[in-house]
Each structure stands twice: as C-alpha cells, then as structure tokens.
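Chemist: Got my_file-v8.txt for you, compact mmCIF, C-alpha atoms (C1' of nucleotides):
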```
# COMPACT_ATOMS: atom_id res chain seq x y z
CA MET Q 1319 0.00 0.00 0.00
CA LYS Q 1320 1.46 3.34 -1.12
CA LEU Q 1321 0.76 6.58 0.73
CA ALA Q 1322 1.94 10.06 -0.27
CA THR Q 1323 1.88 13.57 1.12
CA PHE Q 1324 1.69 16.42 -1.38
CA ASN Q 1325 1.41 20.16 -0.72
CA ILE Q 1326 -0.32 21.12 -3.95
CA ASN Q 1327 -0.49 24.91 -3.37
CA GLY Q 1328 -4.02 25.48 -4.61
CA ILE Q 1329 -6.40 22.72 -5.76
CA LYS Q 1330 -7.90 24.81 -8.56
CA ALA Q 1331 -4.57 25.96 -10.00
CA ARG Q 1332 -3.23 22.41 -9.73
CA ALA Q 1333 -6.12 20.44 -11.29
CA GLU Q 1334 -4.05 19.29 -14.26
CA VAL Q 1335 -0.99 18.39 -12.19
CA LEU Q 1336 -3.07 16.54 -9.60
CA GLY Q 1337 -4.97 14.54 -12.22
CA ARG Q 1338 -1.77 13.56 -14.00
CA TRP Q 1339 -0.13 12.62 -10.71
CA LEU Q 1340 -3.05 10.42 -9.61
CA ASP Q 1341 -3.04 8.68 -13.02
CA GLU Q 1342 0.71 8.12 -13.19
CA SER Q 1343 1.69 7.57 -9.57
CA ALA Q 1344 -1.57 6.05 -8.30
CA PRO Q 1345 -1.36 6.45 -4.52
CA ASP Q 1346 -3.65 4.20 -2.48
CA ILE Q 1347 -3.87 7.03 0.05
CA ALA Q 1348 -2.76 10.66 -0.22
CA VAL Q 1349 -2.92 13.68 2.03
CA LEU Q 1350 -2.97 17.10 0.41
CA GLN Q 1351 -2.10 20.47 1.91
CA GLU Q 1352 -2.77 24.08 0.91
CA ILE Q 1353 -5.89 23.20 -1.03
CA LYS Q 1354 -6.90 26.88 -0.61
CA SER Q 1355 -10.57 26.09 -1.12
CA VAL Q 1356 -13.70 25.90 0.97
CA ASP Q 1357 -15.30 22.45 1.05
CA ALA Q 1358 -18.40 23.62 -0.87
CA THR Q 1359 -16.42 24.57 -3.98
CA PHE Q 1360 -13.68 21.92 -3.83
CA PRO Q 1361 -13.44 20.34 -7.33
CA ARG Q 1362 -14.12 16.84 -6.05
CA GLU Q 1363 -14.51 15.33 -9.53
CA ILE Q 1364 -10.74 15.49 -10.15
CA ILE Q 1365 -10.33 12.94 -7.38
CA GLU Q 1366 -13.65 11.08 -7.22
CA SER Q 1367 -13.71 10.39 -10.98
CA ARG Q 1368 -10.54 8.37 -10.46
CA GLY Q 1369 -12.17 6.11 -7.90
CA TYR Q 1370 -11.06 7.76 -4.68
CA HIS Q 1371 -12.96 8.49 -1.52
CA LEU Q 1372 -12.34 12.06 -0.40
CA GLU Q 1373 -12.55 14.02 2.84
CA THR Q 1374 -11.72 17.73 2.91
CA HIS Q 1375 -11.18 20.38 5.56
CA GLY Q 1376 -10.91 23.71 3.84
CA GLN Q 1377 -11.15 27.42 4.46
CA LYS Q 1378 -11.36 30.47 2.26
CA GLY Q 1379 -8.17 31.58 0.57
CA PHE Q 1380 -5.50 29.88 2.64
CA ASN Q 1381 -4.46 26.58 4.18
CA GLY Q 1382 -6.79 23.60 3.85
CA VAL Q 1383 -6.11 19.85 3.95
CA ALA Q 1384 -7.63 16.72 2.44
CA ILE Q 1385 -7.37 12.93 2.54
CA LEU Q 1386 -8.11 10.74 -0.45
CA SER Q 1387 -8.14 6.96 -0.46
CA LYS Q 1388 -9.05 4.03 -2.68
CA MET Q 1389 -10.44 2.39 0.47
CA PRO Q 1390 -13.33 3.94 2.42
CA LEU Q 1391 -12.47 6.51 5.08
CA HIS Q 1392 -14.22 6.53 8.42
CA ASP Q 1393 -14.12 8.23 11.82
CA VAL Q 1394 -13.05 11.48 10.16
CA MET Q 1395 -11.93 14.28 12.47
CA ARG Q 1396 -11.40 17.85 11.26
CA GLY Q 1397 -9.27 20.36 13.14
CA LEU Q 1398 -6.45 19.95 15.65
CA PRO Q 1399 -7.80 19.71 19.22
CA GLY Q 1400 -6.63 22.07 21.94
CA ASP Q 1401 -7.89 25.51 20.87
CA ASP Q 1402 -11.58 26.01 20.09
CA GLY Q 1403 -10.81 29.53 18.80
CA ASP Q 1404 -8.43 28.31 16.09
CA GLU Q 1405 -10.16 28.71 12.72
CA GLN Q 1406 -7.22 27.70 10.51
CA ALA Q 1407 -7.83 24.47 8.56
CA ARG Q 1408 -4.60 22.57 9.06
CA TRP Q 1409 -5.49 19.10 10.38
CA ILE Q 1410 -7.61 16.14 9.29
CA GLU Q 1411 -7.66 12.53 10.49
CA ALA Q 1412 -9.33 9.39 9.21
CA THR Q 1413 -9.12 5.64 9.58
CA VAL Q 1414 -8.62 3.72 6.34
CA GLY Q 1415 -10.90 0.81 5.47
CA ASP Q 1416 -10.56 -2.14 7.83
CA SER Q 1417 -6.76 -1.84 7.94
CA GLY Q 1418 -6.85 -0.08 11.30
CA LEU Q 1419 -4.44 2.52 9.90
CA ARG Q 1420 -5.12 6.03 11.21
CA VAL Q 1421 -3.87 8.77 8.90
CA CYS Q 1422 -3.36 12.34 10.12
CA GLY Q 1423 -2.90 14.95 7.39
CA LEU Q 1424 -1.34 18.17 8.61
CA TYR Q 1425 -0.27 21.58 7.39
CA LEU Q 1426 1.91 22.96 10.16
CA PRO Q 1427 2.06 26.78 10.40
CA ASN Q 1428 4.94 28.49 8.60
CA GLY Q 1429 5.66 30.80 11.54
CA ASN Q 1430 7.44 33.64 9.77
CA PRO Q 1431 8.37 36.25 10.67
CA ALA Q 1432 10.12 35.02 13.79
CA PRO Q 1433 9.94 36.18 16.47
CA GLY Q 1434 6.36 37.40 16.44
CA PRO Q 1435 2.74 36.28 16.84
CA LYS Q 1436 2.91 33.92 13.85
CA PHE Q 1437 5.92 32.18 15.36
CA ASP Q 1438 4.12 31.94 18.71
CA TYR Q 1439 1.15 30.37 16.90
CA LYS Q 1440 3.45 27.85 15.23
CA LEU Q 1441 5.00 26.75 18.52
CA ALA Q 1442 1.60 26.59 20.27
CA TRP Q 1443 0.25 24.53 17.36
CA MET Q 1444 3.18 22.13 17.67
CA ALA Q 1445 2.47 21.72 21.39
CA ARG Q 1446 -1.14 20.85 20.51
CA MET Q 1447 0.08 18.36 17.90
CA GLU Q 1448 2.34 16.79 20.51
CA ALA Q 1449 -0.65 16.33 22.81
CA ARG Q 1450 -2.74 14.82 20.01
CA ALA Q 1451 0.07 12.45 18.99
CA ARG Q 1452 0.55 11.37 22.59
CA ALA Q 1453 -3.15 10.54 22.87
CA LEU Q 1454 -3.19 8.56 19.61
CA LEU Q 1455 0.01 6.69 20.43
CA ALA Q 1456 -1.50 5.35 23.63
CA ALA Q 1457 -3.60 2.93 21.57
CA GLU Q 1458 -0.43 1.29 20.14
CA THR Q 1459 -1.84 1.07 16.60
CA PRO Q 1460 -0.46 1.96 13.15
CA LEU Q 1461 -0.41 5.76 12.78
CA VAL Q 1462 0.89 8.01 10.02
CA PHE Q 1463 1.33 11.75 10.60
CA ALA Q 1464 1.91 13.07 7.09
CA GLY Q 1465 2.12 16.56 5.71
CA ASP Q 1466 3.93 19.83 5.33
CA TYR Q 1467 5.64 20.32 8.68
CA ASN Q 1468 7.32 23.60 7.75
CA VAL Q 1469 10.31 22.42 9.78
CA ILE Q 1470 13.80 21.61 8.44
CA PRO Q 1471 14.91 18.95 10.92
CA GLN Q 1472 18.68 19.05 10.37
CA PRO Q 1473 21.31 21.02 8.41
CA ALA Q 1474 21.53 18.02 6.04
CA ASP Q 1475 17.92 18.74 5.07
CA ALA Q 1476 18.81 22.03 3.35
CA ALA Q 1477 21.05 22.78 0.38
CA ARG Q 1478 22.10 26.03 2.08
CA PRO Q 1479 21.39 25.68 5.81
CA GLU Q 1480 23.17 28.97 6.52
CA ALA Q 1481 20.44 30.80 4.58
CA TRP Q 1482 17.77 29.51 7.00
CA VAL Q 1483 19.25 30.16 10.44
CA GLU Q 1484 16.89 33.06 11.23
CA ASP Q 1485 13.89 31.45 9.54
CA ALA Q 1486 10.95 29.99 11.46
CA LEU Q 1487 11.42 26.74 9.51
CA PHE Q 1488 14.90 26.19 10.98
CA ARG Q 1489 15.02 28.09 14.26
CA PRO Q 1490 16.07 26.05 17.30
CA GLU Q 1491 12.63 26.37 18.89
CA SER Q 1492 10.93 24.82 15.82
CA ARG Q 1493 13.45 22.01 15.55
CA ALA Q 1494 13.23 21.29 19.28
CA ALA Q 1495 9.44 21.13 19.09
CA LEU Q 1496 9.69 18.61 16.23
CA ARG Q 1497 12.18 16.57 18.24
CA ARG Q 1498 9.77 16.54 21.19
CA ILE Q 1499 7.04 15.14 18.92
CA GLU Q 1500 9.39 12.48 17.52
CA ALA Q 1501 10.56 11.65 21.04
CA LEU Q 1502 7.05 10.41 21.85
CA GLY Q 1503 8.13 7.37 19.83
CA LEU Q 1504 7.65 8.37 16.20
CA TYR Q 1505 9.94 7.62 13.26
CA ASP Q 1506 10.78 9.87 10.30
CA ALA Q 1507 10.00 7.39 7.52
CA LEU Q 1508 12.28 8.95 4.91
CA ARG Q 1509 15.25 8.84 7.27
CA LEU Q 1510 14.62 5.20 8.18
CA ARG Q 1511 15.36 4.38 4.54
CA HIS Q 1512 17.61 7.24 3.40
CA PRO Q 1513 20.16 8.67 5.85
CA GLU Q 1514 22.04 10.53 3.11
CA PRO Q 1515 21.94 14.35 2.82
CA GLY Q 1516 20.64 16.27 -0.19
CA ILE Q 1517 17.03 15.00 -0.21
CA TYR Q 1518 14.51 17.84 -0.54
CA SER Q 1519 10.75 18.22 -0.93
CA PHE Q 1520 10.41 21.99 -1.52
CA TRP Q 1521 12.09 24.43 -3.87
CA ASP Q 1522 10.97 28.09 -3.85
CA TYR Q 1523 9.46 29.45 -7.05
CA GLN Q 1524 11.86 32.39 -6.76
CA ALA Q 1525 15.45 32.90 -7.81
CA GLY Q 1526 15.64 29.67 -9.80
CA ALA Q 1527 15.72 27.50 -6.68
CA TRP Q 1528 14.63 24.35 -8.53
CA ALA Q 1529 17.13 24.84 -11.35
CA ARG Q 1530 19.90 25.26 -8.77
CA ASN Q 1531 18.56 22.43 -6.55
CA ASP Q 1532 18.38 24.94 -3.70
CA GLY Q 1533 15.85 22.87 -1.75
CA ILE Q 1534 14.76 21.99 1.75
CA ARG Q 1535 13.10 18.89 3.23
CA ILE Q 1536 9.99 20.00 5.12
CA ASP Q 1537 7.36 17.43 4.05
CA HIS Q 1538 7.51 14.48 6.42
CA LEU Q 1539 5.79 11.24 7.35
CA LEU Q 1540 6.14 10.29 11.01
CA LEU Q 1541 5.20 6.72 11.90
CA SER Q 1542 4.13 5.05 15.12
CA PRO Q 1543 6.15 1.91 15.98
CA GLN Q 1544 3.30 -0.26 14.70
CA ALA Q 1545 3.41 1.56 11.34
CA ALA Q 1546 7.22 1.65 11.19
CA ASP Q 1547 7.23 -2.14 11.58
CA ARG Q 1548 5.25 -2.29 8.32
CA LEU Q 1549 7.44 0.17 6.39
CA THR Q 1550 8.91 -1.34 3.22
CA ASP Q 1551 10.06 1.80 1.40
CA ALA Q 1552 10.19 5.61 1.55
CA TRP Q 1553 11.12 8.09 -1.17
CA VAL Q 1554 10.70 11.55 -2.64
CA GLU Q 1555 9.14 11.81 -6.10
CA THR Q 1556 10.91 14.80 -7.64
CA ALA Q 1557 9.51 14.60 -11.19
CA PRO Q 1558 6.29 16.62 -10.59
CA ARG Q 1559 8.36 19.63 -9.53
CA ALA Q 1560 9.55 19.88 -13.16
CA TRP Q 1561 6.08 19.62 -14.72
CA GLU Q 1562 4.23 22.53 -16.29
CA LYS Q 1563 2.71 24.87 -13.66
CA PRO Q 1564 4.07 22.86 -10.72
CA SER Q 1565 3.53 23.15 -7.00
CA ASP Q 1566 6.60 24.40 -5.14
CA HIS Q 1567 6.49 21.12 -3.18
CA THR Q 1568 6.81 17.59 -4.51
CA PRO Q 1569 5.28 14.32 -3.21
CA VAL Q 1570 6.92 12.27 -0.46
CA TRP Q 1571 5.98 8.59 -0.27
CA ILE Q 1572 5.94 5.55 1.93
CA ALA Q 1573 5.06 1.94 1.16
CA LEU Q 1574 3.50 -0.07 3.98
CA ASP Q 1575 2.93 -3.81 4.15
CA LEU Q 1576 -0.71 -3.54 5.18
C1' DA N 1301 19.84 44.81 1.07
C1' DT N 1302 16.47 43.91 -1.97
C1' DG N 1303 13.49 41.47 -4.79
C1' DG N 1304 12.78 37.71 -6.98
C1' DT N 1305 7.42 34.08 -7.98
C1' DA N 1306 2.95 32.08 -7.13
C1' DG N 1307 -2.25 31.48 -5.54
C1' DG N 1308 -6.57 33.27 -4.13
C1' DG N 1309 -9.61 36.70 -4.94
C1' DG N 1310 -10.82 40.74 -6.15
C1' DG N 1311 -7.83 43.81 -1.10
C1' DC N 1312 -3.38 42.58 -0.07
C1' DC N 1313 -2.09 38.50 2.52
C1' DT N 1314 0.43 34.32 2.78
C1' DA N 1315 4.16 31.61 1.59
```
Translate this structure into structure tokens?

Modeler:
Amino acid sequence: MKLATFNINGIKARAEVLGRWLDESAPDIAVLQEIKSVDATFPREIIESRGYHLETHGQKGFNGVAILSKMPLHDVMRGLPGDDGDEQARWIEATVGDSGLRVCGLYLPNGNPAPGPKFDYKLAWMARMEARARALLAAETPLVFAGDYNVIPQPADAARPEAWVEDALFRPESRAALRRIEALGLYDALRLRHPEPGIYSFWDYQAGAWARNDGIRIDHLLLSPQAADRLTDAWVETAPRAWEKPSDHTPVWIALDL
DNA sequence: ATGGTAGGGGGCCTA
C-alpha cells in the first residue's frame, strides 16, 4: 500500500498536475495540503472520478487539507484539538478501510516572521500536535502523521542551511518542538530508509531555486512503531516539480505492508 | 539589502 503527502499549493490551479499525478503515480492514500478552497467549492470530480474516496477540511483563501483513499475513510476528524478559537484548517484525520491505519494529514504553520505572533502560533500549534500524537500513540496502533511540517529537521535537510538560520522553519525552537514530537516514539520514515543528505521536498518558485537544486526537506511522514514495523520503502518523487505549472512542493511517499 | 514568484480573490495577505 502506497501513501503520499503532497502540498499542492491550490487545488484549482493544480487540477491538471493533480490529475496527471493520480493517473501516473496512483497512490492508495494521499494527504494534500494548501488546497486553498472551501469544502463547498472543492473540485471533487478530479479525485472522485478516479475512484477515490475524499474528505476535505478547507477554508477560504489559505491553508486547507484533504485525505483521499481508494479504500473507504471513516471516523473522520477535522481540526487539531486544543484551541476552540483556532479557525485555521490545518489538520484532518481518518481511519482507512478495515486496515486499522489512522492517517493524520497536517499543514503545520509556517511561523514567519520570527519572532512574532505567527511564530508563537506555530509553537503553540506544535504543542497541541504533541498532545494529540501522545493521545493517539496510547492505543499502540499503526499511525501516520503526514504533511507539510514547515520544519527543516537538520542542516543536512537544506542545500544552504546557513540561509535559513533566522527562519521559522529552521530556528532552534521549531526544531526542538519537532524533536519533542518524535521523542514520543515516532519515526521519520524517509530517514529510516535514506540517511544521506541532499534530499529535498520543496524548492521556492523564486530565484531559480529548482534549477539550482536549492531545496529543503519540510514534508515528512512520522510513523508510530506499529506503522514503522510495516514500512517497506520511503522516497521523494521529484519529477512533478519539473512539470508545467508545478507546485513548489513535490510528493513524499511511503510503502507499507498492510 | 532587496526582490525575486505564485495562488486566491478581487484587497493585499500568505508563503
């Protein structure tokens, strides 16, 4: 079973890319971020016409996440617990078919500029995610936390780490918060399979970042022990970043023996 | 140091 995370940067602008990607790469499950659409106007036919079940959690203009799956999705939860006043659509969970696999799709706040209120929101959001992960892990079941984390874990995850030292994606507070989440007992799937540096999932549209391979790795799949035991492969699919009218992110994948 | 690009939505804001 293949599962991918893909920040598509706008579902409407990316209809062609998304359709091509579903046809060619055929994920069994995918989580999408930055759909930038309310649920009522989400172009569901792109996904449903290809035989997928679909659950969305959108908002107007910004953010927004979705889960699609060839198997039915149930027990869907929208929104990250811990702050009833938070109106940003950045979290969705569902259980897949009768596999028992719980998939959490997340779009972690960017947090720039740092310091500032947006950075405070990022760190508070990460504390809420830690609490949610702790609660889910207590059941000792297969869990996947997949999405755009907006955190560069290590210097090896950036082509030019020195350019990011003041950035919310690489500041010590952000990296420490990610380490706290992992320290609950989660595994970075890509790093279980690929310890080597130079693997990226995002290249800025600006300044020819893709052409110069000036990338960062910020799209991650964290696995519970019960999911990590089933991991057979993990990889980044770079090809869609070179397609016409691409997202600035590219898909990151895992294969699970489920 | 700045501005470089992109999406959504019809104003700048977010990234």

Chemist: Set the distance at 8 Å and use all atoms listed in the file: which residues neighbour stretch 1393-1406 of chain Q once local chain neighbours fewer than 4 positions away are removed? I'd like the list as a PyMOL selection string.

Modeler: chain Q and resi 1373+1375+1377+1381-1382+1410-1413+1446-1447+1450

Chemist: Against chain Q, which residues of chain N fall within 8 Å? For each one I want the closest pair of atoms and the distance in Å (one decimal), counting only C-alpha atoms (C1' of nucleotides), rows by chain and increasing residue number, as a Markdown table.

Modeler:
```
| residue | atom | partner | partner_atom | distance |
| --- | --- | --- | --- | --- |
| N:DG1304 | C1' | Q:Gln1524 | CA | 5.4 |
| N:DT1305 | C1' | Q:Gln1524 | CA | 4.9 |
| N:DA1306 | C1' | Q:Tyr1523 | CA | 7.0 |
| N:DG1307 | C1' | Q:Gly1328 | CA | 6.3 |
| N:DG1308 | C1' | Q:Gly1379 | CA | 5.2 |
| N:DG1309 | C1' | Q:Gly1379 | CA | 7.7 |
| N:DT1314 | C1' | Q:Phe1380 | CA | 7.4 |
| N:DA1315 | C1' | Q:Asn1428 | CA | 7.7 |
```

Chemist: Using Å and a single decimal, report how far atom CA of Q:Ala1384 sits from atom CA of Q:Leu1372.

Modeler: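 These atoms are spaced 7.2 Å apart.
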
Chemist: Quick one: pull the distance between atom CA of Q:Pro1427 and atom CA of Q:Pro1513, Å, one decimal.

Modeler: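 Interatomic distance, atom CA of Q:Pro1427 to atom CA of Q:Pro1513: 26.0 Å.
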
Chemist: Atom CA of Q:Ala1507 and atom CA of Q:Asp1346, how far apart in Å?

Modeler: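 Rounded to one decimal, the two atoms are 17.2 Å apart.
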
Chemist: Report as a list in words all protein, DNA and RNA residues lying within 8 Å of stretch 1439-1442 of chain Q, evaluated on all atoms listed in the file, omitting residues in the same chain fewer than 6 positions from it.

Modeler: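 So, after excluding close chain neighbours, the residues are Leu1426, Pro1427, Asn1428, Gly1429, Glu1491, Ser1492 and Ala1495 of chain Q.
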
Chemist: Excluding same-chain residues fewer than 6 positions from Q:Val1554, what lies within 9 Å of it counting all atoms listed in the file, as JSON, numbers by chain?

Modeler: {"Q": [1508, 1517, 1518, 1519, 1568, 1569, 1570, 1571, 1572]}

Chemist: So which residues touch Q:Ala1476 within 9 Å, counting all atoms listed in the file, skipping near sequence neighbours fewer than 6 positions away, as a PyMOL selection string?

Modeler: chain Q and resi 1470+1482+1515-1518+1532-1535

Chemist: Counting all atoms listed in the file, which residue out of Q:Ile1536, Q:Leu1504, Q:Ala1432, Q:Val1349 sits closest to Q:Gln1472?

Modeler: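 The answer is Q:Ile1536, which sits nearest to Q:Gln1472.
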